[in-house]
file my_file_31.cif (mmCIF, N, CA and C atoms)
data_upload
#
loop_
_atom_site.label_atom_id
_atom_site.label_comp_id
_atom_site.auth_asym_id
_atom_site.auth_seq_id
_atom_site.Cartn_x
_atom_site.Cartn_y
_atom_site.Cartn_z
N MET A 2 -3.04 -2.81 0.72
CA MET A 2 -2.16 -2.23 1.72
C MET A 2 -2.52 -0.77 1.92
N ILE A 3 -2.41 -0.31 3.09
CA ILE A 3 -2.80 1.03 3.47
C ILE A 3 -2.01 2.08 2.69
N ALA A 4 -0.74 1.88 2.52
CA ALA A 4 0.13 2.90 1.94
C ALA A 4 0.10 2.95 0.43
N CYS A 5 -0.40 1.92 -0.22
CA CYS A 5 -0.35 1.86 -1.68
C CYS A 5 -1.52 2.59 -2.31
N GLU A 6 -1.19 3.43 -3.26
CA GLU A 6 -2.20 4.19 -3.98
C GLU A 6 -2.62 3.48 -5.26
N ASP A 7 -1.69 2.78 -5.91
CA ASP A 7 -1.98 2.08 -7.16
C ASP A 7 -0.99 0.94 -7.36
N GLU A 8 -1.05 0.32 -8.53
CA GLU A 8 -0.20 -0.83 -8.83
C GLU A 8 1.29 -0.49 -8.83
N LEU A 9 1.64 0.72 -9.20
CA LEU A 9 3.05 1.12 -9.20
C LEU A 9 3.61 1.09 -7.79
N ASP A 10 2.83 1.55 -6.82
CA ASP A 10 3.28 1.50 -5.43
C ASP A 10 3.51 0.06 -4.99
N VAL A 11 2.63 -0.83 -5.38
CA VAL A 11 2.77 -2.24 -5.03
C VAL A 11 4.04 -2.81 -5.65
N LYS A 12 4.31 -2.48 -6.91
CA LYS A 12 5.51 -2.95 -7.58
C LYS A 12 6.77 -2.44 -6.89
N ILE A 13 6.74 -1.20 -6.44
CA ILE A 13 7.89 -0.63 -5.72
C ILE A 13 8.15 -1.41 -4.44
N LEU A 14 7.08 -1.69 -3.70
CA LEU A 14 7.26 -2.44 -2.45
C LEU A 14 7.79 -3.85 -2.70
N TRP A 15 7.29 -4.51 -3.74
CA TRP A 15 7.80 -5.85 -4.08
C TRP A 15 9.29 -5.78 -4.43
N ALA A 16 9.67 -4.73 -5.15
CA ALA A 16 11.08 -4.59 -5.55
C ALA A 16 11.97 -4.35 -4.33
N LEU A 17 11.47 -3.62 -3.35
CA LEU A 17 12.26 -3.31 -2.16
C LEU A 17 12.28 -4.46 -1.15
N GLN A 18 11.48 -5.45 -1.37
CA GLN A 18 11.35 -6.54 -0.41
C GLN A 18 12.63 -7.35 -0.24
N GLY A 19 13.44 -7.43 -1.25
CA GLY A 19 14.68 -8.19 -1.15
C GLY A 19 15.75 -7.45 -0.37
N VAL A 20 16.89 -7.23 -0.99
CA VAL A 20 18.00 -6.55 -0.34
C VAL A 20 17.91 -5.04 -0.45
N GLY A 21 16.89 -4.55 -1.14
CA GLY A 21 16.74 -3.10 -1.34
C GLY A 21 17.35 -2.66 -2.65
N MET A 22 17.04 -1.44 -3.03
CA MET A 22 17.53 -0.91 -4.30
C MET A 22 17.71 0.59 -4.19
N SER A 23 18.57 1.11 -5.03
CA SER A 23 18.66 2.57 -5.15
C SER A 23 17.50 3.03 -6.02
N THR A 24 17.18 4.31 -5.96
CA THR A 24 16.08 4.80 -6.79
C THR A 24 16.42 4.68 -8.28
N THR A 25 17.69 4.75 -8.62
CA THR A 25 18.10 4.58 -10.01
C THR A 25 17.83 3.16 -10.48
N GLU A 26 18.22 2.16 -9.68
CA GLU A 26 17.96 0.76 -10.03
C GLU A 26 16.47 0.48 -10.10
N LEU A 27 15.74 1.02 -9.14
CA LEU A 27 14.30 0.84 -9.08
C LEU A 27 13.63 1.44 -10.32
N ALA A 28 14.07 2.62 -10.70
CA ALA A 28 13.51 3.30 -11.87
C ALA A 28 13.77 2.49 -13.14
N LYS A 29 14.96 1.94 -13.28
CA LYS A 29 15.27 1.13 -14.46
C LYS A 29 14.42 -0.12 -14.51
N GLU A 30 14.24 -0.77 -13.35
CA GLU A 30 13.47 -2.01 -13.30
C GLU A 30 11.99 -1.77 -13.62
N LEU A 31 11.45 -0.66 -13.16
CA LEU A 31 10.02 -0.38 -13.34
C LEU A 31 9.74 0.55 -14.51
N ASP A 32 10.78 0.98 -15.21
CA ASP A 32 10.67 1.87 -16.37
C ASP A 32 9.96 3.17 -16.00
N ILE A 33 10.45 3.80 -14.94
CA ILE A 33 9.95 5.10 -14.51
C ILE A 33 11.14 6.02 -14.24
N ASP A 34 10.88 7.28 -14.04
CA ASP A 34 11.91 8.25 -13.69
C ASP A 34 12.36 8.01 -12.25
N ARG A 35 13.64 8.22 -11.96
CA ARG A 35 14.13 7.96 -10.60
C ARG A 35 13.52 8.90 -9.58
N TRP A 36 13.17 10.11 -10.02
CA TRP A 36 12.53 11.05 -9.11
C TRP A 36 11.10 10.60 -8.78
N THR A 37 10.45 9.97 -9.74
CA THR A 37 9.12 9.41 -9.48
C THR A 37 9.22 8.30 -8.44
N ALA A 38 10.24 7.46 -8.57
CA ALA A 38 10.44 6.38 -7.60
C ALA A 38 10.67 6.97 -6.20
N LEU A 39 11.49 7.98 -6.10
CA LEU A 39 11.78 8.61 -4.81
C LEU A 39 10.52 9.24 -4.21
N ARG A 40 9.77 9.98 -5.03
CA ARG A 40 8.55 10.61 -4.53
C ARG A 40 7.53 9.58 -4.08
N ARG A 41 7.42 8.49 -4.81
CA ARG A 41 6.48 7.43 -4.44
C ARG A 41 6.86 6.81 -3.09
N ILE A 42 8.14 6.53 -2.89
CA ILE A 42 8.59 5.97 -1.61
C ILE A 42 8.30 6.95 -0.48
N GLN A 43 8.62 8.21 -0.69
CA GLN A 43 8.39 9.21 0.35
C GLN A 43 6.90 9.37 0.65
N ARG A 44 6.07 9.33 -0.38
CA ARG A 44 4.63 9.47 -0.18
C ARG A 44 4.07 8.26 0.59
N MET A 45 4.54 7.05 0.25
CA MET A 45 4.10 5.87 0.98
C MET A 45 4.56 5.93 2.43
N ASN A 46 5.78 6.40 2.64
CA ASN A 46 6.29 6.57 4.01
C ASN A 46 5.39 7.51 4.81
N LYS A 47 5.02 8.61 4.20
CA LYS A 47 4.19 9.60 4.89
C LYS A 47 2.82 9.01 5.22
N ARG A 48 2.20 8.33 4.25
CA ARG A 48 0.88 7.73 4.47
C ARG A 48 0.93 6.66 5.55
N PHE A 49 1.93 5.80 5.47
CA PHE A 49 2.04 4.70 6.42
C PHE A 49 2.37 5.22 7.81
N HIS A 50 3.21 6.23 7.88
CA HIS A 50 3.54 6.82 9.17
C HIS A 50 2.30 7.46 9.80
N HIS A 51 1.46 8.05 8.97
CA HIS A 51 0.22 8.65 9.47
C HIS A 51 -0.72 7.57 10.00
N GLU A 52 -0.78 6.41 9.33
CA GLU A 52 -1.68 5.33 9.73
C GLU A 52 -1.17 4.54 10.93
N LEU A 53 0.11 4.13 10.90
CA LEU A 53 0.64 3.24 11.93
C LEU A 53 1.82 3.79 12.71
N ASN A 54 2.14 5.04 12.47
CA ASN A 54 3.22 5.71 13.20
C ASN A 54 4.59 5.03 13.02
N ARG A 55 4.83 4.53 11.82
CA ARG A 55 6.13 3.97 11.48
C ARG A 55 6.34 4.07 9.97
N PRO A 56 7.57 4.22 9.53
CA PRO A 56 7.82 4.33 8.09
C PRO A 56 7.73 2.96 7.42
N ILE A 57 7.55 2.98 6.11
CA ILE A 57 7.47 1.74 5.36
C ILE A 57 8.83 1.34 4.79
N ALA A 58 9.67 2.33 4.48
CA ALA A 58 11.00 2.05 3.93
C ALA A 58 11.99 3.05 4.53
N GLU A 59 13.24 2.63 4.57
CA GLU A 59 14.28 3.52 5.08
C GLU A 59 15.49 3.44 4.17
N LYS A 60 16.25 4.48 4.18
CA LYS A 60 17.43 4.54 3.32
C LYS A 60 18.64 4.01 4.08
N ARG A 61 19.34 3.09 3.45
CA ARG A 61 20.58 2.55 3.99
C ARG A 61 21.66 2.72 2.93
N GLY A 62 22.52 3.69 3.17
CA GLY A 62 23.51 4.03 2.14
C GLY A 62 22.79 4.65 0.96
N TYR A 63 22.97 4.07 -0.22
CA TYR A 63 22.28 4.56 -1.41
C TYR A 63 20.99 3.81 -1.68
N ASN A 64 20.74 2.74 -0.93
CA ASN A 64 19.59 1.89 -1.18
C ASN A 64 18.43 2.16 -0.23
N TRP A 65 17.22 1.92 -0.73
CA TRP A 65 16.02 1.93 0.08
C TRP A 65 15.66 0.49 0.39
N VAL A 66 15.31 0.21 1.62
CA VAL A 66 14.89 -1.13 2.04
C VAL A 66 13.63 -1.00 2.89
N LEU A 67 12.85 -2.09 2.91
CA LEU A 67 11.68 -2.10 3.78
C LEU A 67 12.15 -2.17 5.22
N THR A 68 11.43 -1.51 6.11
CA THR A 68 11.80 -1.54 7.52
C THR A 68 11.49 -2.92 8.11
N GLY A 69 12.11 -3.21 9.23
CA GLY A 69 11.90 -4.50 9.89
C GLY A 69 10.45 -4.73 10.28
N SER A 70 9.78 -3.69 10.73
CA SER A 70 8.37 -3.84 11.12
C SER A 70 7.50 -4.16 9.91
N ILE A 71 7.82 -3.63 8.76
CA ILE A 71 7.06 -3.92 7.55
C ILE A 71 7.32 -5.35 7.10
N ARG A 72 8.56 -5.79 7.18
CA ARG A 72 8.86 -7.18 6.83
C ARG A 72 8.09 -8.15 7.72
N ARG A 73 7.95 -7.78 8.99
CA ARG A 73 7.26 -8.65 9.95
C ARG A 73 5.76 -8.73 9.65
N ILE A 74 5.14 -7.61 9.25
CA ILE A 74 3.70 -7.62 9.03
C ILE A 74 3.30 -7.84 7.57
N TRP A 75 4.25 -8.07 6.69
CA TRP A 75 3.96 -8.27 5.27
C TRP A 75 2.97 -9.43 5.12
N GLY A 76 1.84 -9.17 4.49
CA GLY A 76 0.85 -10.21 4.22
C GLY A 76 -0.19 -10.39 5.32
N THR A 77 -0.11 -9.65 6.40
CA THR A 77 -1.11 -9.76 7.44
C THR A 77 -2.26 -8.79 7.18
N THR A 78 -3.37 -9.03 7.82
CA THR A 78 -4.53 -8.16 7.62
C THR A 78 -4.48 -6.98 8.58
N ALA A 79 -5.28 -5.98 8.31
CA ALA A 79 -5.33 -4.79 9.16
C ALA A 79 -5.76 -5.16 10.58
N GLU A 80 -6.69 -6.12 10.71
CA GLU A 80 -7.14 -6.55 12.03
C GLU A 80 -6.01 -7.19 12.82
N GLU A 81 -5.20 -7.99 12.16
CA GLU A 81 -4.07 -8.62 12.84
C GLU A 81 -3.05 -7.59 13.29
N ILE A 82 -2.84 -6.56 12.49
CA ILE A 82 -1.90 -5.50 12.86
C ILE A 82 -2.42 -4.74 14.07
N GLU A 83 -3.70 -4.41 14.08
CA GLU A 83 -4.30 -3.71 15.21
C GLU A 83 -4.21 -4.54 16.48
N THR A 84 -4.42 -5.85 16.38
CA THR A 84 -4.31 -6.74 17.52
C THR A 84 -2.89 -6.73 18.07
N GLU A 85 -1.90 -6.75 17.17
CA GLU A 85 -0.50 -6.73 17.57
C GLU A 85 -0.17 -5.44 18.32
N GLU A 86 -0.69 -4.31 17.82
CA GLU A 86 -0.42 -3.02 18.47
C GLU A 86 -1.06 -2.94 19.85
N GLU A 87 -2.25 -3.54 20.02
CA GLU A 87 -2.93 -3.52 21.31
C GLU A 87 -2.16 -4.34 22.36
N GLU A 88 -1.46 -5.37 21.91
CA GLU A 88 -0.70 -6.22 22.83
C GLU A 88 0.50 -5.48 23.41
N PHE A 89 1.01 -4.47 22.68
CA PHE A 89 2.15 -3.71 23.18
C PHE A 89 1.65 -2.72 24.12
#

call {"tool": "encode", "arguments": {"input": "my_file_31.cif", "output": "structure tokens"}}
result
Amino acid sequence: MIACEDELDVKILWALQGVGMSTTELAKELDIDRWTALRRIQRMNKRFHHELNRPIAEKRGYNWVLTGSIRRIWGTTAEEIETEEEEF
């Protein structure tokens, strides 16, 4: 995935794929500091926004969830994403 730097980023995205989590819950599940979880989400958002002009996760209340566009393209290839963007 474009936005992921390492395995921890991938684990964060898998954790957010369901109903979402607060950074505290995410930190407990992945055994990391909650500030690390927050920085990782923000960094992935910045990278993904730079690549595709949309965020990867958004905050809803206290929880972070994957955006609808990310849920839609989860598991697709970069070529398929580019094709989708050209159609719009």

call {"tool": "select_by_dssp", "arguments": {"input": "my_file_31.cif", "residues": "chain A", "states": "helix (DSSP H, G or I)", "output": "PyMOL selection string"}}
result
chain A and resi 8-17+24-31+35-53+69-74+79-88

call {"tool": "resolve_selection", "arguments": {"input": "my_file_31.cif", "expression": "the PyMOL selection byres (((chain A and resi 43 and name CA) around 12) and name CA)", "output": "list in words"}}
result
Ala4, Cys5, Asp10, Ile13, Thr24, Trp36, Thr37, Ala38, Leu39, Arg40, Arg41, Ile42, Arg44, Met45, Asn46, Lys47, Arg48, Phe49, His50, Pro56, Ile57, Ala58, Glu59, Lys60 and Trp65 of chain A

call {"tool": "atom_distance", "arguments": {"input": "my_file_31.cif", "atom1": "atom C of A:Ser70", "atom2": "atom CA of A:Leu53"}}
result
10.3 Å

call {"tool": "atom_distance", "arguments": {"input": "my_file_31.cif", "atom1": "atom N of A:Leu67", "atom2": "atom C of A:Glu8"}}
result
16.6 Å

call {"tool": "select_by_dssp", "arguments": {"input": "my_file_31.cif", "residues": "chain A", "states": "strand (DSSP E or B)", "output": "list in words"}}
result
Met22, Ala58, Glu59, Lys60, Arg61, Asn64, Trp65, Val66 and Leu67 of chain A

call {"tool": "atom_distance", "arguments": {"input": "my_file_31.cif", "atom1": "atom C of A:Asp7", "atom2": "atom CA of A:Gly69"}}
result
22.2 Å

call {"tool": "residues_around", "arguments": {"input": "my_file_31.cif", "residues": "A:Tyr63", "least_positions_apart": "4", "cutoff": "8 Å", "atoms": "all atoms listed in the file", "output": "PyMOL selection string"}}
result
chain A and resi 21-25

call {"tool": "decode", "arguments": {"input": "my_file_31.cif", "residues": "stretch 23-62 of chain A", "atoms": "N, CA and C atoms", "output": "PDB file, in the first residue's frame"}}
result
ATOM      1  N   SER A  23     -10.211   4.070  19.127  1.00  0.00           N
ATOM      2  CA  SER A  23      -9.507   5.248  19.645  1.00  0.00           C
ATOM      3  C   SER A  23      -8.020   4.933  19.634  1.00  0.00           C
ATOM      4  N   THR A  24      -7.194   5.957  19.715  1.00  0.00           N
ATOM      5  CA  THR A  24      -5.753   5.709  19.723  1.00  0.00           C
ATOM      6  C   THR A  24      -5.338   4.935  20.979  1.00  0.00           C
ATOM      7  N   THR A  25      -6.067   5.109  22.065  1.00  0.00           N
ATOM      8  CA  THR A  25      -5.773   4.363  23.285  1.00  0.00           C
ATOM      9  C   THR A  25      -6.036   2.878  23.086  1.00  0.00           C
ATOM     10  N   GLU A  26      -7.194   2.530  22.504  1.00  0.00           N
ATOM     11  CA  GLU A  26      -7.520   1.125  22.228  1.00  0.00           C
ATOM     12  C   GLU A  26      -6.534   0.526  21.237  1.00  0.00           C
ATOM     13  N   LEU A  27      -6.209   1.293  20.220  1.00  0.00           N
ATOM     14  CA  LEU A  27      -5.272   0.846  19.197  1.00  0.00           C
ATOM     15  C   LEU A  27      -3.898   0.580  19.809  1.00  0.00           C
ATOM     16  N   ALA A  28      -3.455   1.473  20.664  1.00  0.00           N
ATOM     17  CA  ALA A  28      -2.156   1.321  21.324  1.00  0.00           C
ATOM     18  C   ALA A  28      -2.121   0.066  22.192  1.00  0.00           C
ATOM     19  N   LYS A  29      -3.192  -0.193  22.924  1.00  0.00           N
ATOM     20  CA  LYS A  29      -3.242  -1.397  23.764  1.00  0.00           C
ATOM     21  C   LYS A  29      -3.206  -2.655  22.917  1.00  0.00           C
ATOM     22  N   GLU A  30      -3.954  -2.657  21.812  1.00  0.00           N
ATOM     23  CA  GLU A  30      -4.013  -3.840  20.953  1.00  0.00           C
ATOM     24  C   GLU A  30      -2.666  -4.135  20.289  1.00  0.00           C
ATOM     25  N   LEU A  31      -1.960  -3.094  19.889  1.00  0.00           N
ATOM     26  CA  LEU A  31      -0.697  -3.272  19.170  1.00  0.00           C
ATOM     27  C   LEU A  31       0.530  -3.142  20.061  1.00  0.00           C
ATOM     28  N   ASP A  32       0.318  -2.901  21.351  1.00  0.00           N
ATOM     29  CA  ASP A  32       1.390  -2.768  22.336  1.00  0.00           C
ATOM     30  C   ASP A  32       2.370  -1.657  21.951  1.00  0.00           C
ATOM     31  N   ILE A  33       1.799  -0.486  21.670  1.00  0.00           N
ATOM     32  CA  ILE A  33       2.591   0.704  21.365  1.00  0.00           C
ATOM     33  C   ILE A  33       2.039   1.870  22.181  1.00  0.00           C
ATOM     34  N   ASP A  34       2.745   2.968  22.189  1.00  0.00           N
ATOM     35  CA  ASP A  34       2.297   4.183  22.856  1.00  0.00           C
ATOM     36  C   ASP A  34       1.163   4.810  22.054  1.00  0.00           C
ATOM     37  N   ARG A  35       0.184   5.414  22.734  1.00  0.00           N
ATOM     38  CA  ARG A  35      -0.951   5.992  22.001  1.00  0.00           C
ATOM     39  C   ARG A  35      -0.541   7.155  21.123  1.00  0.00           C
ATOM     40  N   TRP A  36       0.513   7.860  21.522  1.00  0.00           N
ATOM     41  CA  TRP A  36       1.000   8.963  20.691  1.00  0.00           C
ATOM     42  C   TRP A  36       1.656   8.436  19.417  1.00  0.00           C
ATOM     43  N   THR A  37       2.289   7.274  19.519  1.00  0.00           N
ATOM     44  CA  THR A  37       2.862   6.637  18.333  1.00  0.00           C
ATOM     45  C   THR A  37       1.744   6.260  17.365  1.00  0.00           C
ATOM     46  N   ALA A  38       0.659   5.717  17.903  1.00  0.00           N
ATOM     47  CA  ALA A  38      -0.487   5.355  17.060  1.00  0.00           C
ATOM     48  C   ALA A  38      -1.039   6.590  16.351  1.00  0.00           C
ATOM     49  N   LEU A  39      -1.192   7.676  17.078  1.00  0.00           N
ATOM     50  CA  LEU A  39      -1.718   8.909  16.496  1.00  0.00           C
ATOM     51  C   LEU A  39      -0.784   9.453  15.413  1.00  0.00           C
ATOM     52  N   ARG A  40       0.518   9.492  15.706  1.00  0.00           N
ATOM     53  CA  ARG A  40       1.473   9.995  14.719  1.00  0.00           C
ATOM     54  C   ARG A  40       1.494   9.137  13.465  1.00  0.00           C
ATOM     55  N   ARG A  41       1.393   7.829  13.641  1.00  0.00           N
ATOM     56  CA  ARG A  41       1.381   6.921  12.494  1.00  0.00           C
ATOM     57  C   ARG A  41       0.157   7.169  11.612  1.00  0.00           C
ATOM     58  N   ILE A  42      -1.009   7.321  12.224  1.00  0.00           N
ATOM     59  CA  ILE A  42      -2.227   7.593  11.453  1.00  0.00           C
ATOM     60  C   ILE A  42      -2.087   8.913  10.709  1.00  0.00           C
ATOM     61  N   GLN A  43      -1.609   9.933  11.394  1.00  0.00           N
ATOM     62  CA  GLN A  43      -1.452  11.241  10.758  1.00  0.00           C
ATOM     63  C   GLN A  43      -0.437  11.191   9.619  1.00  0.00           C
ATOM     64  N   ARG A  44       0.645  10.454   9.807  1.00  0.00           N
ATOM     65  CA  ARG A  44       1.659  10.345   8.763  1.00  0.00           C
ATOM     66  C   ARG A  44       1.118   9.598   7.543  1.00  0.00           C
ATOM     67  N   MET A  45       0.351   8.521   7.779  1.00  0.00           N
ATOM     68  CA  MET A  45      -0.262   7.803   6.661  1.00  0.00           C
ATOM     69  C   MET A  45      -1.265   8.687   5.937  1.00  0.00           C
ATOM     70  N   ASN A  46      -2.030   9.460   6.699  1.00  0.00           N
ATOM     71  CA  ASN A  46      -2.979  10.397   6.090  1.00  0.00           C
ATOM     72  C   ASN A  46      -2.255  11.381   5.176  1.00  0.00           C
ATOM     73  N   LYS A  47      -1.157  11.918   5.655  1.00  0.00           N
ATOM     74  CA  LYS A  47      -0.402  12.897   4.877  1.00  0.00           C
ATOM     75  C   LYS A  47       0.155  12.270   3.598  1.00  0.00           C
ATOM     76  N   ARG A  48       0.740  11.067   3.723  1.00  0.00           N
ATOM     77  CA  ARG A  48       1.302  10.387   2.555  1.00  0.00           C
ATOM     78  C   ARG A  48       0.227  10.039   1.538  1.00  0.00           C
ATOM     79  N   PHE A  49      -0.885   9.510   2.022  1.00  0.00           N
ATOM     80  CA  PHE A  49      -1.958   9.093   1.124  1.00  0.00           C
ATOM     81  C   PHE A  49      -2.617  10.297   0.477  1.00  0.00           C
ATOM     82  N   HIS A  50      -2.763  11.366   1.233  1.00  0.00           N
ATOM     83  CA  HIS A  50      -3.345  12.586   0.673  1.00  0.00           C
ATOM     84  C   HIS A  50      -2.433  13.151  -0.422  1.00  0.00           C
ATOM     85  N   HIS A  51      -1.140  13.042  -0.215  1.00  0.00           N
ATOM     86  CA  HIS A  51      -0.182  13.508  -1.223  1.00  0.00           C
ATOM     87  C   HIS A  51      -0.286  12.666  -2.493  1.00  0.00           C
ATOM     88  N   GLU A  52      -0.477  11.347  -2.347  1.00  0.00           N
ATOM     89  CA  GLU A  52      -0.541  10.446  -3.497  1.00  0.00           C
ATOM     90  C   GLU A  52      -1.881  10.501  -4.230  1.00  0.00           C
ATOM     91  N   LEU A  53      -2.992  10.436  -3.485  1.00  0.00           N
ATOM     92  CA  LEU A  53      -4.311  10.321  -4.110  1.00  0.00           C
ATOM     93  C   LEU A  53      -5.281  11.439  -3.759  1.00  0.00           C
ATOM     94  N   ASN A  54      -4.788  12.441  -3.062  1.00  0.00           N
ATOM     95  CA  ASN A  54      -5.600  13.606  -2.707  1.00  0.00           C
ATOM     96  C   ASN A  54      -6.842  13.261  -1.871  1.00  0.00           C
ATOM     97  N   ARG A  55      -6.677  12.292  -0.987  1.00  0.00           N
ATOM     98  CA  ARG A  55      -7.736  11.949  -0.040  1.00  0.00           C
ATOM     99  C   ARG A  55      -7.108  11.316   1.207  1.00  0.00           C
ATOM    100  N   PRO A  56      -7.721  11.502   2.356  1.00  0.00           N
ATOM    101  CA  PRO A  56      -7.151  10.916   3.579  1.00  0.00           C
ATOM    102  C   PRO A  56      -7.431   9.419   3.652  1.00  0.00           C
ATOM    103  N   ILE A  57      -6.657   8.744   4.479  1.00  0.00           N
ATOM    104  CA  ILE A  57      -6.835   7.306   4.644  1.00  0.00           C
ATOM    105  C   ILE A  57      -7.749   6.995   5.831  1.00  0.00           C
ATOM    106  N   ALA A  58      -7.730   7.853   6.851  1.00  0.00           N
ATOM    107  CA  ALA A  58      -8.567   7.649   8.041  1.00  0.00           C
ATOM    108  C   ALA A  58      -9.089   9.003   8.502  1.00  0.00           C
ATOM    109  N   GLU A  59     -10.221   8.954   9.177  1.00  0.00           N
ATOM    110  CA  GLU A  59     -10.793  10.188   9.712  1.00  0.00           C
ATOM    111  C   GLU A  59     -11.273   9.935  11.126  1.00  0.00           C
ATOM    112  N   LYS A  60     -11.332  10.982  11.883  1.00  0.00           N
ATOM    113  CA  LYS A  60     -11.738  10.867  13.278  1.00  0.00           C
ATOM    114  C   LYS A  60     -13.247  11.078  13.385  1.00  0.00           C
ATOM    115  N   ARG A  61     -13.900  10.145  14.048  1.00  0.00           N
ATOM    116  CA  ARG A  61     -15.332  10.248  14.325  1.00  0.00           C
ATOM    117  C   ARG A  61     -15.516  10.102  15.826  1.00  0.00           C
ATOM    118  N   GLY A  62     -15.790  11.220  16.465  1.00  0.00           N
ATOM    119  CA  GLY A  62     -15.848  11.215  17.928  1.00  0.00           C
ATOM    120  C   GLY A  62     -14.448  10.982  18.467  1.00  0.00           C
TER     121      GLY A  62
END
